[in-house]
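A.B. asks: I'm passing along upload12.pdb; it holds PDB, C-alpha atoms and all ligand atoms.
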ATOM      1  CA  MET C   1     -63.423 -20.106 -68.220  1.00  0.00           C
ATOM      2  CA  LEU C   2     -62.084 -17.957 -71.052  1.00  0.00           C
ATOM      3  CA  LEU C   3     -61.337 -14.251 -70.639  1.00  0.00           C
ATOM      4  CA  LEU C   4     -61.382 -12.230 -73.841  1.00  0.00           C
ATOM      5  CA  GLN C   5     -59.073  -9.311 -73.219  1.00  0.00           C
ATOM      6  CA  PHE C   6     -56.447  -6.815 -74.286  1.00  0.00           C
ATOM      7  CA  SER C   7     -53.272  -7.772 -72.436  1.00  0.00           C
ATOM      8  CA  THR C   8     -52.613  -4.094 -71.619  1.00  0.00           C
ATOM      9  CA  SER C   9     -56.108  -3.115 -70.439  1.00  0.00           C
ATOM     10  CA  HIS C  10     -56.474  -2.196 -66.772  1.00  0.00           C
ATOM     11  CA  TYR C  11     -60.169  -3.165 -66.836  1.00  0.00           C
ATOM     12  CA  CYS C  12     -59.063  -6.648 -67.938  1.00  0.00           C
ATOM     13  CA  ARG C  13     -56.522  -6.568 -65.095  1.00  0.00           C
ATOM     14  CA  LYS C  14     -59.476  -5.962 -62.750  1.00  0.00           C
ATOM     15  CA  ALA C  15     -61.198  -9.121 -64.036  1.00  0.00           C
ATOM     16  CA  ARG C  16     -57.962 -11.154 -63.756  1.00  0.00           C
ATOM     17  CA  LEU C  17     -57.397  -9.946 -60.183  1.00  0.00           C
ATOM     18  CA  ALA C  18     -60.891 -11.162 -59.260  1.00  0.00           C
ATOM     19  CA  LEU C  19     -60.386 -14.549 -60.950  1.00  0.00           C
ATOM     20  CA  GLY C  20     -56.996 -14.909 -59.241  1.00  0.00           C
ATOM     21  CA  TYR C  21     -58.300 -13.863 -55.829  1.00  0.00           C
ATOM     22  CA  LYS C  22     -61.004 -16.511 -56.063  1.00  0.00           C
ATOM     23  CA  LYS C  23     -58.522 -19.058 -57.409  1.00  0.00           C
ATOM     24  CA  ILE C  24     -60.724 -19.820 -60.406  1.00  0.00           C
ATOM     25  CA  PRO C  25     -58.773 -21.457 -63.248  1.00  0.00           C
ATOM     26  CA  TYR C  26     -59.098 -19.561 -66.526  1.00  0.00           C
ATOM     27  CA  GLN C  27     -57.456 -18.972 -69.857  1.00  0.00           C
ATOM     28  CA  VAL C  28     -57.070 -15.730 -71.747  1.00  0.00           C
ATOM     29  CA  GLU C  29     -57.521 -14.899 -75.392  1.00  0.00           C
ATOM     30  CA  ASN C  30     -55.700 -11.708 -76.309  1.00  0.00           C
ATOM     31  CA  LEU C  31     -57.583  -9.687 -78.901  1.00  0.00           C
ATOM     32  CA  THR C  32     -56.149  -7.022 -81.182  1.00  0.00           C
ATOM     33  CA  PRO C  33     -57.512  -3.553 -80.384  1.00  0.00           C
ATOM     34  CA  GLY C  34     -59.712  -2.421 -83.264  1.00  0.00           C
ATOM     35  CA  LEU C  35     -60.197  -5.901 -84.713  1.00  0.00           C
ATOM     36  CA  HIS C  36     -61.681  -7.037 -81.382  1.00  0.00           C
ATOM     37  CA  ILE C  37     -65.005  -5.463 -82.343  1.00  0.00           C
ATOM     38  CA  PHE C  38     -65.751  -8.195 -84.889  1.00  0.00           C
ATOM     39  CA  LYS C  39     -65.623 -10.854 -82.178  1.00  0.00           C
ATOM     40  CA  ILE C  40     -66.973  -8.968 -79.152  1.00  0.00           C
ATOM     41  CA  LYS C  41     -69.906  -7.116 -80.718  1.00  0.00           C
ATOM     42  CA  LYS C  42     -71.438 -10.319 -82.061  1.00  0.00           C
ATOM     43  CA  LEU C  43     -70.893 -12.221 -78.805  1.00  0.00           C
ATOM     44  CA  ALA C  44     -71.673  -9.625 -76.146  1.00  0.00           C
ATOM     45  CA  GLY C  45     -73.421  -6.761 -77.930  1.00  0.00           C
ATOM     46  CA  ILE C  46     -70.810  -4.281 -76.646  1.00  0.00           C
ATOM     47  CA  THR C  47     -67.408  -3.198 -77.936  1.00  0.00           C
ATOM     48  CA  THR C  48     -65.292  -3.196 -74.779  1.00  0.00           C
ATOM     49  CA  VAL C  49     -63.229  -5.858 -73.063  1.00  0.00           C
ATOM     50  CA  PRO C  50     -63.083  -7.698 -70.687  1.00  0.00           C
ATOM     51  CA  VAL C  51     -65.659 -10.295 -71.716  1.00  0.00           C
ATOM     52  CA  LEU C  52     -65.817 -13.599 -69.839  1.00  0.00           C
ATOM     53  CA  LEU C  53     -67.046 -16.843 -71.371  1.00  0.00           C
ATOM     54  CA  PRO C  54     -67.709 -19.058 -68.305  1.00  0.00           C
ATOM     55  CA  GLN C  55     -67.986 -22.270 -70.403  1.00  0.00           C
ATOM     56  CA  GLN C  56     -69.669 -23.988 -67.428  1.00  0.00           C
ATOM     57  CA  LYS C  57     -72.954 -25.805 -66.967  1.00  0.00           C
ATOM     58  CA  ASN C  58     -75.794 -23.615 -65.621  1.00  0.00           C
ATOM     59  CA  CYS C  59     -73.824 -20.427 -66.244  1.00  0.00           C
ATOM     60  CA  PRO C  60     -74.483 -17.676 -68.775  1.00  0.00           C
ATOM     61  CA  ALA C  61     -72.597 -18.096 -72.056  1.00  0.00           C
ATOM     62  CA  VAL C  62     -71.224 -14.560 -71.956  1.00  0.00           C
ATOM     63  CA  VAL C  63     -70.590 -12.037 -69.174  1.00  0.00           C
ATOM     64  CA  ALA C  64     -69.472  -8.599 -70.374  1.00  0.00           C
ATOM     65  CA  ASP C  65     -68.053  -5.646 -68.388  1.00  0.00           C
ATOM     66  CA  SER C  66     -65.672  -5.973 -65.437  1.00  0.00           C
ATOM     67  CA  THR C  67     -68.342  -5.066 -62.869  1.00  0.00           C
ATOM     68  CA  GLU C  68     -70.717  -7.721 -64.203  1.00  0.00           C
ATOM     69  CA  ILE C  69     -67.866 -10.242 -64.299  1.00  0.00           C
ATOM     70  CA  ILE C  70     -67.185  -9.688 -60.592  1.00  0.00           C
ATOM     71  CA  ARG C  71     -70.908  -9.906 -59.809  1.00  0.00           C
ATOM     72  CA  PHE C  72     -71.027 -13.217 -61.692  1.00  0.00           C
ATOM     73  CA  LEU C  73     -67.852 -14.585 -60.031  1.00  0.00           C
ATOM     74  CA  GLU C  74     -69.174 -13.655 -56.602  1.00  0.00           C
ATOM     75  CA  ALA C  75     -72.284 -15.786 -57.220  1.00  0.00           C
ATOM     76  CA  TYR C  76     -70.284 -18.568 -58.918  1.00  0.00           C
ATOM     77  CA  LYS C  77     -67.694 -18.856 -56.127  1.00  0.00           C
ATOM     78  CA  PRO C  78     -68.664 -16.795 -53.076  1.00  0.00           C
ATOM     79  CA  ASP C  79     -65.580 -17.788 -51.078  1.00  0.00           C
ATOM     80  CA  PRO C  80     -63.294 -15.911 -50.683  1.00  0.00           C
ATOM     81  CA  PRO C  81     -65.717 -12.992 -50.892  1.00  0.00           C
ATOM     82  CA  LEU C  82     -65.164  -9.692 -52.668  1.00  0.00           C
ATOM     83  CA  TYR C  83     -68.492  -8.357 -51.476  1.00  0.00           C
ATOM     84  CA  LEU C  84     -69.132  -7.315 -47.870  1.00  0.00           C
ATOM     85  CA  ASP C  85     -71.791  -8.789 -45.562  1.00  0.00           C
ATOM     86  CA  ASP C  86     -73.034  -5.544 -44.064  1.00  0.00           C
ATOM     87  CA  PRO C  87     -75.498  -4.001 -46.600  1.00  0.00           C
ATOM     88  CA  ILE C  88     -74.400  -0.414 -45.948  1.00  0.00           C
ATOM     89  CA  SER C  89     -70.709  -1.307 -46.339  1.00  0.00           C
ATOM     90  CA  GLN C  90     -71.508  -3.324 -49.460  1.00  0.00           C
ATOM     91  CA  LYS C  91     -73.389  -0.367 -50.967  1.00  0.00           C
ATOM     92  CA  GLU C  92     -70.341   1.824 -50.290  1.00  0.00           C
ATOM     93  CA  ALA C  93     -67.992  -0.783 -51.828  1.00  0.00           C
ATOM     94  CA  LEU C  94     -70.116  -0.832 -55.017  1.00  0.00           C
ATOM     95  CA  ARG C  95     -70.218   2.980 -55.068  1.00  0.00           C
ATOM     96  CA  LEU C  96     -66.420   3.058 -54.903  1.00  0.00           C
ATOM     97  CA  GLU C  97     -66.143   0.372 -57.576  1.00  0.00           C
ATOM     98  CA  ASP C  98     -68.296   2.558 -59.829  1.00  0.00           C
ATOM     99  CA  TYR C  99     -66.271   5.702 -58.994  1.00  0.00           C
ATOM    100  CA  PHE C 100     -62.991   3.974 -59.870  1.00  0.00           C
ATOM    101  CA  ASP C 101     -64.505   2.441 -63.024  1.00  0.00           C
ATOM    102  CA  GLU C 102     -66.155   5.527 -64.400  1.00  0.00           C
ATOM    103  CA  SER C 103     -63.902   8.359 -63.242  1.00  0.00           C
ATOM    104  CA  ILE C 104     -60.465   7.059 -62.244  1.00  0.00           C
ATOM    105  CA  GLY C 105     -59.992   4.241 -64.773  1.00  0.00           C
ATOM    106  CA  THR C 106     -60.555   6.690 -67.619  1.00  0.00           C
ATOM    107  CA  ALA C 107     -58.330   9.336 -65.964  1.00  0.00           C
ATOM    108  CA  THR C 108     -55.540   6.752 -65.603  1.00  0.00           C
ATOM    109  CA  ARG C 109     -55.853   5.993 -69.318  1.00  0.00           C
ATOM    110  CA  PHE C 110     -55.304   9.706 -70.167  1.00  0.00           C
ATOM    111  CA  VAL C 111     -52.310  10.153 -67.849  1.00  0.00           C
ATOM    112  CA  TYR C 112     -50.727   6.838 -68.841  1.00  0.00           C
ATOM    113  CA  TYR C 113     -50.985   7.239 -72.634  1.00  0.00           C
ATOM    114  CA  GLN C 114     -49.899  10.891 -72.490  1.00  0.00           C
ATOM    115  CA  PHE C 115     -46.778   9.716 -70.616  1.00  0.00           C
ATOM    116  CA  ARG C 116     -46.133   6.775 -72.982  1.00  0.00           C
ATOM    117  CA  ALA C 117     -46.251   9.125 -75.982  1.00  0.00           C
ATOM    118  CA  ASN C 118     -43.793  11.592 -74.431  1.00  0.00           C
ATOM    119  CA  ALA C 119     -41.338  11.053 -71.535  1.00  0.00           C
ATOM    120  CA  GLY C 120     -42.185   7.324 -71.468  1.00  0.00           C
ATOM    121  CA  LYS C 121     -41.721   6.734 -75.198  1.00  0.00           C
ATOM    122  CA  ASN C 122     -38.532   4.702 -74.680  1.00  0.00           C
ATOM    123  CA  ILE C 123     -40.252   2.126 -72.461  1.00  0.00           C
ATOM    124  CA  ASP C 124     -41.235   0.323 -75.661  1.00  0.00           C
ATOM    125  CA  PRO C 125     -40.258   2.190 -78.809  1.00  0.00           C
ATOM    126  CA  SER C 126     -41.411  -0.679 -81.075  1.00  0.00           C
ATOM    127  CA  LEU C 127     -43.614   0.281 -84.006  1.00  0.00           C
ATOM    128  CA  MET C 128     -46.469  -1.925 -82.743  1.00  0.00           C
ATOM    129  CA  SER C 129     -46.465  -0.328 -79.288  1.00  0.00           C
ATOM    130  CA  GLN C 130     -46.263   3.202 -80.694  1.00  0.00           C
ATOM    131  CA  LEU C 131     -49.110   2.409 -83.074  1.00  0.00           C
ATOM    132  CA  VAL C 132     -51.370   1.184 -80.247  1.00  0.00           C
ATOM    133  CA  ILE C 133     -50.500   4.293 -78.192  1.00  0.00           C
ATOM    134  CA  ALA C 134     -51.321   6.574 -81.151  1.00  0.00           C
ATOM    135  CA  ILE C 135     -54.652   4.798 -81.790  1.00  0.00           C
ATOM    136  CA  VAL C 136     -55.716   4.987 -78.128  1.00  0.00           C
ATOM    137  CA  ARG C 137     -54.753   8.690 -77.927  1.00  0.00           C
ATOM    138  CA  SER C 138     -56.768   9.484 -81.010  1.00  0.00           C
ATOM    139  CA  GLN C 139     -59.767   7.324 -79.961  1.00  0.00           C
ATOM    140  CA  TYR C 140     -60.102   9.029 -76.558  1.00  0.00           C
ATOM    141  CA  GLY C 141     -58.855  12.547 -77.465  1.00  0.00           C
ATOM    142  CA  ILE C 142     -55.800  12.287 -75.222  1.00  0.00           C
ATOM    143  CA  ASN C 143     -53.560  15.360 -75.324  1.00  0.00           C
ATOM    144  CA  ALA C 144     -51.770  17.720 -72.906  1.00  0.00           C
ATOM    145  CA  THR C 145     -54.949  19.729 -72.174  1.00  0.00           C
ATOM    146  CA  SER C 146     -57.311  16.799 -71.621  1.00  0.00           C
ATOM    147  CA  THR C 147     -54.676  15.095 -69.465  1.00  0.00           C
ATOM    148  CA  LYS C 148     -54.599  18.050 -67.018  1.00  0.00           C
ATOM    149  CA  VAL C 149     -58.207  17.320 -65.957  1.00  0.00           C
ATOM    150  CA  ALA C 150     -57.355  13.637 -65.567  1.00  0.00           C
ATOM    151  CA  GLU C 151     -54.312  14.445 -63.405  1.00  0.00           C
ATOM    152  CA  GLN C 152     -56.526  16.370 -60.981  1.00  0.00           C
ATOM    153  CA  LYS C 153     -58.956  13.436 -60.721  1.00  0.00           C
ATOM    154  CA  ILE C 154     -56.054  11.097 -59.977  1.00  0.00           C
ATOM    155  CA  ALA C 155     -54.697  13.501 -57.339  1.00  0.00           C
ATOM    156  CA  ASP C 156     -58.122  13.535 -55.613  1.00  0.00           C
ATOM    157  CA  ALA C 157     -58.331   9.726 -55.705  1.00  0.00           C
ATOM    158  CA  ILE C 158     -54.826   9.318 -54.269  1.00  0.00           C
ATOM    159  CA  ALA C 159     -55.641  11.793 -51.468  1.00  0.00           C
ATOM    160  CA  MET C 160     -58.713   9.700 -50.607  1.00  0.00           C
ATOM    161  CA  LEU C 161     -56.751   6.434 -50.757  1.00  0.00           C
ATOM    162  CA  GLY C 162     -54.103   7.972 -48.491  1.00  0.00           C
ATOM    163  CA  GLU C 163     -56.707   8.198 -45.728  1.00  0.00           C
ATOM    164  CA  PHE C 164     -57.665   4.522 -45.967  1.00  0.00           C
ATOM    165  CA  TRP C 165     -54.872   2.522 -47.539  1.00  0.00           C
ATOM    166  CA  GLN C 166     -51.922   3.486 -45.358  1.00  0.00           C
ATOM    167  CA  ASP C 167     -53.241   1.133 -42.663  1.00  0.00           C
ATOM    168  CA  GLY C 168     -56.544  -0.410 -43.660  1.00  0.00           C
ATOM    169  CA  TYR C 169     -59.121  -1.054 -46.353  1.00  0.00           C
ATOM    170  CA  LEU C 170     -61.353   1.231 -48.358  1.00  0.00           C
ATOM    171  CA  VAL C 171     -64.518  -0.116 -46.742  1.00  0.00           C
ATOM    172  CA  GLY C 172     -64.984  -2.113 -43.546  1.00  0.00           C
ATOM    173  CA  GLU C 173     -62.404  -4.374 -41.985  1.00  0.00           C
ATOM    174  CA  ARG C 174     -61.423  -6.515 -44.922  1.00  0.00           C
ATOM    175  CA  PHE C 175     -60.366  -6.612 -48.567  1.00  0.00           C
ATOM    176  CA  SER C 176     -63.250  -5.989 -50.970  1.00  0.00           C
ATOM    177  CA  VAL C 177     -64.159  -5.230 -54.557  1.00  0.00           C
ATOM    178  CA  ALA C 178     -63.400  -1.560 -53.818  1.00  0.00           C
ATOM    179  CA  ASP C 179     -59.719  -2.253 -52.973  1.00  0.00           C
ATOM    180  CA  LEU C 180     -59.358  -4.624 -55.921  1.00  0.00           C
ATOM    181  CA  THR C 181     -60.812  -2.105 -58.379  1.00  0.00           C
ATOM    182  CA  ALA C 182     -58.616   0.751 -57.124  1.00  0.00           C
ATOM    183  CA  ALA C 183     -55.491  -1.443 -57.391  1.00  0.00           C
ATOM    184  CA  ALA C 184     -56.309  -2.576 -60.936  1.00  0.00           C
ATOM    185  CA  LEU C 185     -57.265   0.794 -62.311  1.00  0.00           C
ATOM    186  CA  LEU C 186     -54.328   2.710 -60.807  1.00  0.00           C
ATOM    187  CA  ALA C 187     -51.712   0.029 -61.570  1.00  0.00           C
ATOM    188  CA  PRO C 188     -50.620   1.557 -64.929  1.00  0.00           C
ATOM    189  CA  LEU C 189     -49.403   4.646 -63.007  1.00  0.00           C
ATOM    190  CA  GLY C 190     -46.647   2.451 -61.518  1.00  0.00           C
ATOM    191  CA  LEU C 191     -44.690   3.016 -64.747  1.00  0.00           C
ATOM    192  CA  LEU C 192     -44.609   6.782 -64.188  1.00  0.00           C
ATOM    193  CA  PRO C 193     -41.640   7.947 -62.055  1.00  0.00           C
ATOM    194  CA  PHE C 194     -43.652  10.959 -60.804  1.00  0.00           C
ATOM    195  CA  TYR C 195     -46.224   8.738 -59.073  1.00  0.00           C
ATOM    196  CA  ARG C 196     -43.777   6.020 -58.027  1.00  0.00           C
ATOM    197  CA  HIS C 197     -41.518   8.530 -56.269  1.00  0.00           C
ATOM    198  CA  ASN C 198     -44.224  10.630 -54.657  1.00  0.00           C
ATOM    199  CA  TYR C 199     -46.542   7.845 -53.488  1.00  0.00           C
ATOM    200  CA  PRO C 200     -44.425   4.773 -52.630  1.00  0.00           C
ATOM    201  CA  TRP C 201     -47.106   3.534 -50.187  1.00  0.00           C
ATOM    202  CA  LEU C 202     -49.643   3.448 -53.032  1.00  0.00           C
ATOM    203  CA  PHE C 203     -47.514   1.103 -55.132  1.00  0.00           C
ATOM    204  CA  GLU C 204     -46.612  -1.049 -52.131  1.00  0.00           C
ATOM    205  CA  ARG C 205     -50.345  -1.567 -51.625  1.00  0.00           C
ATOM    206  CA  ILE C 206     -50.978  -2.231 -55.309  1.00  0.00           C
ATOM    207  CA  THR C 207     -48.126  -4.772 -55.240  1.00  0.00           C
ATOM    208  CA  GLU C 208     -49.576  -6.497 -52.140  1.00  0.00           C
ATOM    209  CA  ILE C 209     -53.000  -6.758 -53.788  1.00  0.00           C
ATOM    210  CA  HIS C 210     -51.457  -8.266 -56.920  1.00  0.00           C
ATOM    211  CA  GLN C 211     -49.709 -10.854 -54.743  1.00  0.00           C
ATOM    212  CA  LEU C 212     -52.946 -11.607 -52.910  1.00  0.00           C
ATOM    213  CA  CYS C 213     -54.610 -12.195 -56.300  1.00  0.00           C
ATOM    214  CA  SER C 214     -51.660 -14.108 -57.850  1.00  0.00           C
ATOM    215  CA  GLU C 215     -51.486 -11.594 -60.685  1.00  0.00           C
ATOM    216  CA  PRO C 216     -48.187 -10.296 -62.108  1.00  0.00           C
ATOM    217  CA  LEU C 217     -47.578  -6.545 -61.953  1.00  0.00           C
ATOM    218  CA  PRO C 218     -47.820  -4.600 -65.228  1.00  0.00           C
ATOM    219  CA  LYS C 219     -45.064  -5.131 -67.778  1.00  0.00           C
ATOM    220  CA  HIS C 220     -42.185  -2.601 -67.488  1.00  0.00           C
ATOM    221  CA  TRP C 221     -43.121  -1.972 -63.813  1.00  0.00           C
ATOM    222  CA  GLU C 222     -39.452  -1.223 -63.017  1.00  0.00           C
ATOM    223  CA  ALA C 223     -39.533   1.718 -65.455  1.00  0.00           C
ATOM    224  CA  GLY C 224     -41.317   3.722 -62.748  1.00  0.00           C
ATOM    225  CA  LEU C 225     -38.199   3.536 -60.601  1.00  0.00           C
ATOM    226  CA  GLY C 226     -36.137   4.948 -63.441  1.00  0.00           C
ATOM    227  CA  VAL C 227     -34.118   1.758 -63.986  1.00  0.00           C
TER     228      VAL C 227
HETATM  229  N1  LIG D 301     -66.876  -0.323 -68.100  1.00  0.00           N
HETATM  230  C1  LIG D 301     -66.049  -1.248 -68.850  1.00  0.00           C
HETATM  231  C2  LIG D 301     -64.870  -0.484 -69.438  1.00  0.00           C
HETATM  232  C3  LIG D 301     -63.945  -1.375 -70.239  1.00  0.00           C
HETATM  233  C4  LIG D 301     -63.064  -0.588 -71.202  1.00  0.00           C
HETATM  234  O1  LIG D 301     -63.109   0.642 -71.280  1.00  0.00           O
HETATM  235  N2  LIG D 301     -62.269  -1.352 -71.967  1.00  0.00           N
HETATM  236  C5  LIG D 301     -61.428  -0.743 -72.988  1.00  0.00           C
HETATM  237  C6  LIG D 301     -59.997  -1.259 -72.842  1.00  0.00           C
HETATM  238  S1  LIG D 301     -59.236  -0.571 -71.402  1.00  0.00           S
HETATM  239  C7  LIG D 301     -61.881  -1.189 -74.360  1.00  0.00           C
HETATM  240  O2  LIG D 301     -62.303  -2.316 -74.539  1.00  0.00           O
HETATM  241  N3  LIG D 301     -61.812  -0.299 -75.347  1.00  0.00           N
HETATM  242  C8  LIG D 301     -62.107  -0.632 -76.701  1.00  0.00           C
HETATM  243  C9  LIG D 301     -63.203   0.177 -77.297  1.00  0.00           C
HETATM  244  O3  LIG D 301     -63.750   1.065 -76.609  1.00  0.00           O
HETATM  245  O4  LIG D 301     -63.508  -0.064 -78.475  1.00  0.00           O
HETATM  246  C10 LIG D 301     -65.606  -2.372 -67.907  1.00  0.00           C
HETATM  247  O5  LIG D 301     -65.511  -2.143 -66.699  1.00  0.00           O
HETATM  248  O6  LIG D 301     -65.418  -3.510 -68.379  1.00  0.00           O
END
Represent the structure of the file as structure tokens.

C.D. replies:
Amino acid sequence: MLLLQFSTSHYCRKARLALGYKKIPYQVENLTPGLHIFKIKKLAGITTVPVLLPQQKNCPAVVADSTEIIRFLEAYKPDPPLYLDDPISQKEALRLEDYFDESIGTATRFVYYQFRANAGKNIDPSLMSQLVIAIVRSQYGINATSTKVAEQKIADAIAMLGEFWQDGYLVGERFSVADLTAAALLAPLGLLPFYRHNYPWLFERITEIHQLCSEPLPKHWEAGLGV
């Protein structure tokens, strides 16, 4: 299988965590933000990554969007499962996946890129990195005011996770797509000392989930500890 991705995208991280959890061999092709459109639009009809090309017999040629990729992987290799057996629990797991995708993943993007353009500028001062940060900030309208709203959404999500993650799972009695999605979409916050210092349990859990899925933590992860 081939995963078309941005190496820095947390939605692509979500797809990689699922592939890793299911121990499905895959390769990645890193696309350049902006130029990616020429490849992705023609192939998948959308402009966002991740896009998976299964390259297998009896499989679709293209699966776009992280949620659809997990749905496909679950059918392709049901074991170990990311979906839950009980229909009510499964409905809740998909609701949480959607909440993290639509609300928290975008909020993380605001908080993360606002940090990288200010206090976190020295994490990678290279021209290329600063250019990507500037493009993303302009594309999504990321500034101090818009980031305030995002910070509140993240605070609400962390409060909710605090109830479940300190000693259990988001839904039911085992790891599911809901836990995986939360771990992927909050992982970029591990680079921010504010979150690392105030919520150590959150990043312990995110680390555990990355280990479970054989996925490395985000680059510069140690920056969150101020080293
Ligand atoms: N709902 C999509 C969101 C993916 C997404 O927002 N990807 C961003 C990178 S983090 C992207 O491709 N942005 C490029 C663009 O919008 O042109 C998913 O879950 O796959």

A.B. asks: Please write out the residues within 6 Å of ligand LIG 301 (chain D) as a PyMOL selection string, counting only C-alpha atoms and all ligand atoms.

C.D. replies: chain C and resi 9-11+47-50+65-67+101

A.B. asks: From (-42.1, 8.7, -73.9), in the file's coordinates, out to 12 Å: which residues are reached, counting only C-alpha atoms? Answer as a count of residues only.

C.D. replies: 24

A.B. asks: Could you check the closest approach to Val62 of chain C for each of C:Met160, C:Ala75, C:Ile24, C:Leu2 and tell me which residue wins, using only C-alpha atoms?

C.D. replies: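 Checking each of C:Met160, C:Ala75, C:Ile24, C:Leu2 against Val62 of chain C, counting only C-alpha atoms, the winner is C:Leu2.
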
A.B. asks: Excluding Lys219 of chain C and residues on its chain fewer than 3 positions from it, collect all residues at most 9 Å away from it, counting only C-alpha atoms, and give them as an mmCIF file with C-alpha atoms, in the frame of the given file.

C.D. replies:
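And here's around.cif as it stands now:
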data_model
loop_
_atom_site.group_PDB
_atom_site.id
_atom_site.type_symbol
_atom_site.label_atom_id
_atom_site.label_comp_id
_atom_site.auth_asym_id
_atom_site.auth_seq_id
_atom_site.Cartn_x
_atom_site.Cartn_y
_atom_site.Cartn_z
ATOM 1 C CA THR C 8 -52.613 -4.094 -71.619
ATOM 2 C CA LEU C 191 -44.690 3.016 -64.747
ATOM 3 C CA PRO C 216 -48.187 -10.296 -62.108
ATOM 4 C CA GLU C 222 -39.452 -1.223 -63.017
#

A.B. asks: Can you translate the PyMOL selection byres (((chain C and resi 180) around 10) and not hetatm) into the concrete residues it hits in this file, as a PyMOL selection string?

C.D. replies: chain C and resi 13-15+17-18+21+82+97+170+175-179+181-185+206+209-210+212-213

A.B. asks: Interatomic distance between atom CA of Pro80 of chain C and atom CA of Lys22 of chain C?

C.D. replies: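 These two atoms are separated by 5.9 Å.
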
A.B. asks: Given all atoms listed in the file as the basis, pick out the residue of C:Pro78, C:Leu217, C:Phe194, C:Asp86 nearest to Lys23 of chain C.

C.D. replies: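 The answer is C:Pro78, which sits nearest to Lys23 of chain C.
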
A.B. asks: For Leu189 of chain C, which residue out of C:Gly141, C:Pro33, C:Gly172, C:Gly105 is the nearest one, using all atoms listed in the file?

C.D. replies: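 Looking only at the distances to Leu189 of chain C, the closest residue turns out to be C:Gly105.
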
A.B. asks: Please enumerate the residues selected by the PyMOL selection byres (((chain C and resi 51) around 6) and not hetatm) when evaluated against the supplied file, formatted as a PyMOL selection string.

C.D. replies: chain C and resi 3-4+49-50+52+63-64

A.B. asks: What does the structure give for the distance between atom CA of Ala157 of chain C and atom CA of Leu94 of chain C, in Å to one decimal?

C.D. replies: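 According to the coordinates, atom CA of Ala157 of chain C and atom CA of Leu94 of chain C are separated by 15.8 Å.
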
A.B. asks: Residues near Asn198 of chain C, anyone? I mean within 12 Å using only C-alpha atoms, not counting same-chain ones fewer than 3 positions away, as a PDB file with C-alpha atoms, in the coordinates of the input.

C.D. replies:
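And here is the file that came out, selection.pdb:
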ATOM      1  CA  ALA C 155     -54.697  13.501 -57.339  1.00  0.00           C
ATOM      2  CA  ILE C 158     -54.826   9.318 -54.269  1.00  0.00           C
ATOM      3  CA  ALA C 159     -55.641  11.793 -51.468  1.00  0.00           C
ATOM      4  CA  GLY C 162     -54.103   7.972 -48.491  1.00  0.00           C
ATOM      5  CA  LEU C 189     -49.403   4.646 -63.007  1.00  0.00           C
ATOM      6  CA  GLY C 190     -46.647   2.451 -61.518  1.00  0.00           C
ATOM      7  CA  LEU C 192     -44.609   6.782 -64.188  1.00  0.00           C
ATOM      8  CA  PRO C 193     -41.640   7.947 -62.055  1.00  0.00           C
ATOM      9  CA  PHE C 194     -43.652  10.959 -60.804  1.00  0.00           C
ATOM     10  CA  TYR C 195     -46.224   8.738 -59.073  1.00  0.00           C
ATOM     11  CA  TRP C 201     -47.106   3.534 -50.187  1.00  0.00           C
ATOM     12  CA  LEU C 202     -49.643   3.448 -53.032  1.00  0.00           C
ATOM     13  CA  PHE C 203     -47.514   1.103 -55.132  1.00  0.00           C
ATOM     14  CA  GLY C 224     -41.317   3.722 -62.748  1.00  0.00           C
ATOM     15  CA  LEU C 225     -38.199   3.536 -60.601  1.00  0.00           C
TER      16      LEU C 225
END

A.B. asks: How many Å separate atom CA of Pro60 of chain C from atom CA of Tyr83 of chain C?

C.D. replies: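 Distance reported for this atom pair: 20.5 Å.
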
A.B. asks: Which one is closest to Gly34 of chain C: C:Val132, C:Ala187, C:Ala150, C:Leu53? Count only C-alpha atoms.

C.D. replies: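 When distances to Gly34 of chain C are compared using only C-alpha atoms, the smallest one comes from C:Val132.
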
A.B. asks: Give the answer as one residue: which of C:Gln166, C:Arg205, C:Gln27, C:Phe110 has the shortest atom-to-atom distance to Ala144 of chain C, using all atoms listed in the file?

C.D. replies: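 Answer, going by the shortest atom-to-atom distance: C:Phe110.
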
A.B. asks: Which is closer to Phe100 of chain C than all the others in C:His36, C:Pro25, C:Ser7, C:Asp156, using only C-alpha atoms?

C.D. replies: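 Looking at the shortest contact to Phe100 of chain C, the residue is C:Asp156.
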
A.B. asks: Segment 155-164 of chain C, all listed atoms, 3 Å padding on each side: what axis-aligned box centre and edge lengths in Å to one decimal come out, as AutoDock Vina command-line options?

C.D. replies:
--center_x -56.4 --center_y 9.0 --center_z -51.5 --size_x 10.6 --size_y 15.0 --size_z 17.6

A.B. asks: Because the input lacks atoms here, generate N, CA and C atoms for segment 121-126 of chain C and report them as an mmCIF file, in the coordinates of the input.

C.D. replies:
data_model
loop_
_atom_site.group_PDB
_atom_site.id
_atom_site.type_symbol
_atom_site.label_atom_id
_atom_site.label_comp_id
_atom_site.auth_asym_id
_atom_site.auth_seq_id
_atom_site.Cartn_x
_atom_site.Cartn_y
_atom_site.Cartn_z
ATOM 1 N N LYS C 121 -41.751 7.329 -73.850
ATOM 2 C CA LYS C 121 -41.721 6.734 -75.198
ATOM 3 C C LYS C 121 -40.713 5.585 -75.292
ATOM 4 N N ASN C 122 -39.594 5.721 -74.562
ATOM 5 C CA ASN C 122 -38.532 4.702 -74.680
ATOM 6 C C ASN C 122 -38.841 3.397 -73.953
ATOM 7 N N ILE C 123 -39.923 3.367 -73.173
ATOM 8 C CA ILE C 123 -40.252 2.126 -72.461
ATOM 9 C C ILE C 123 -40.442 0.994 -73.472
ATOM 10 N N ASP C 124 -41.119 1.300 -74.570
ATOM 11 C CA ASP C 124 -41.235 0.323 -75.661
ATOM 12 C C ASP C 124 -41.358 1.105 -76.971
ATOM 13 N N PRO C 125 -40.206 1.372 -77.590
ATOM 14 C CA PRO C 125 -40.258 2.190 -78.809
ATOM 15 C C PRO C 125 -40.691 1.415 -80.057
ATOM 16 N N SER C 126 -41.079 0.123 -79.891
ATOM 17 C CA SER C 126 -41.411 -0.679 -81.075
ATOM 18 C C SER C 126 -42.579 -0.043 -81.838
#
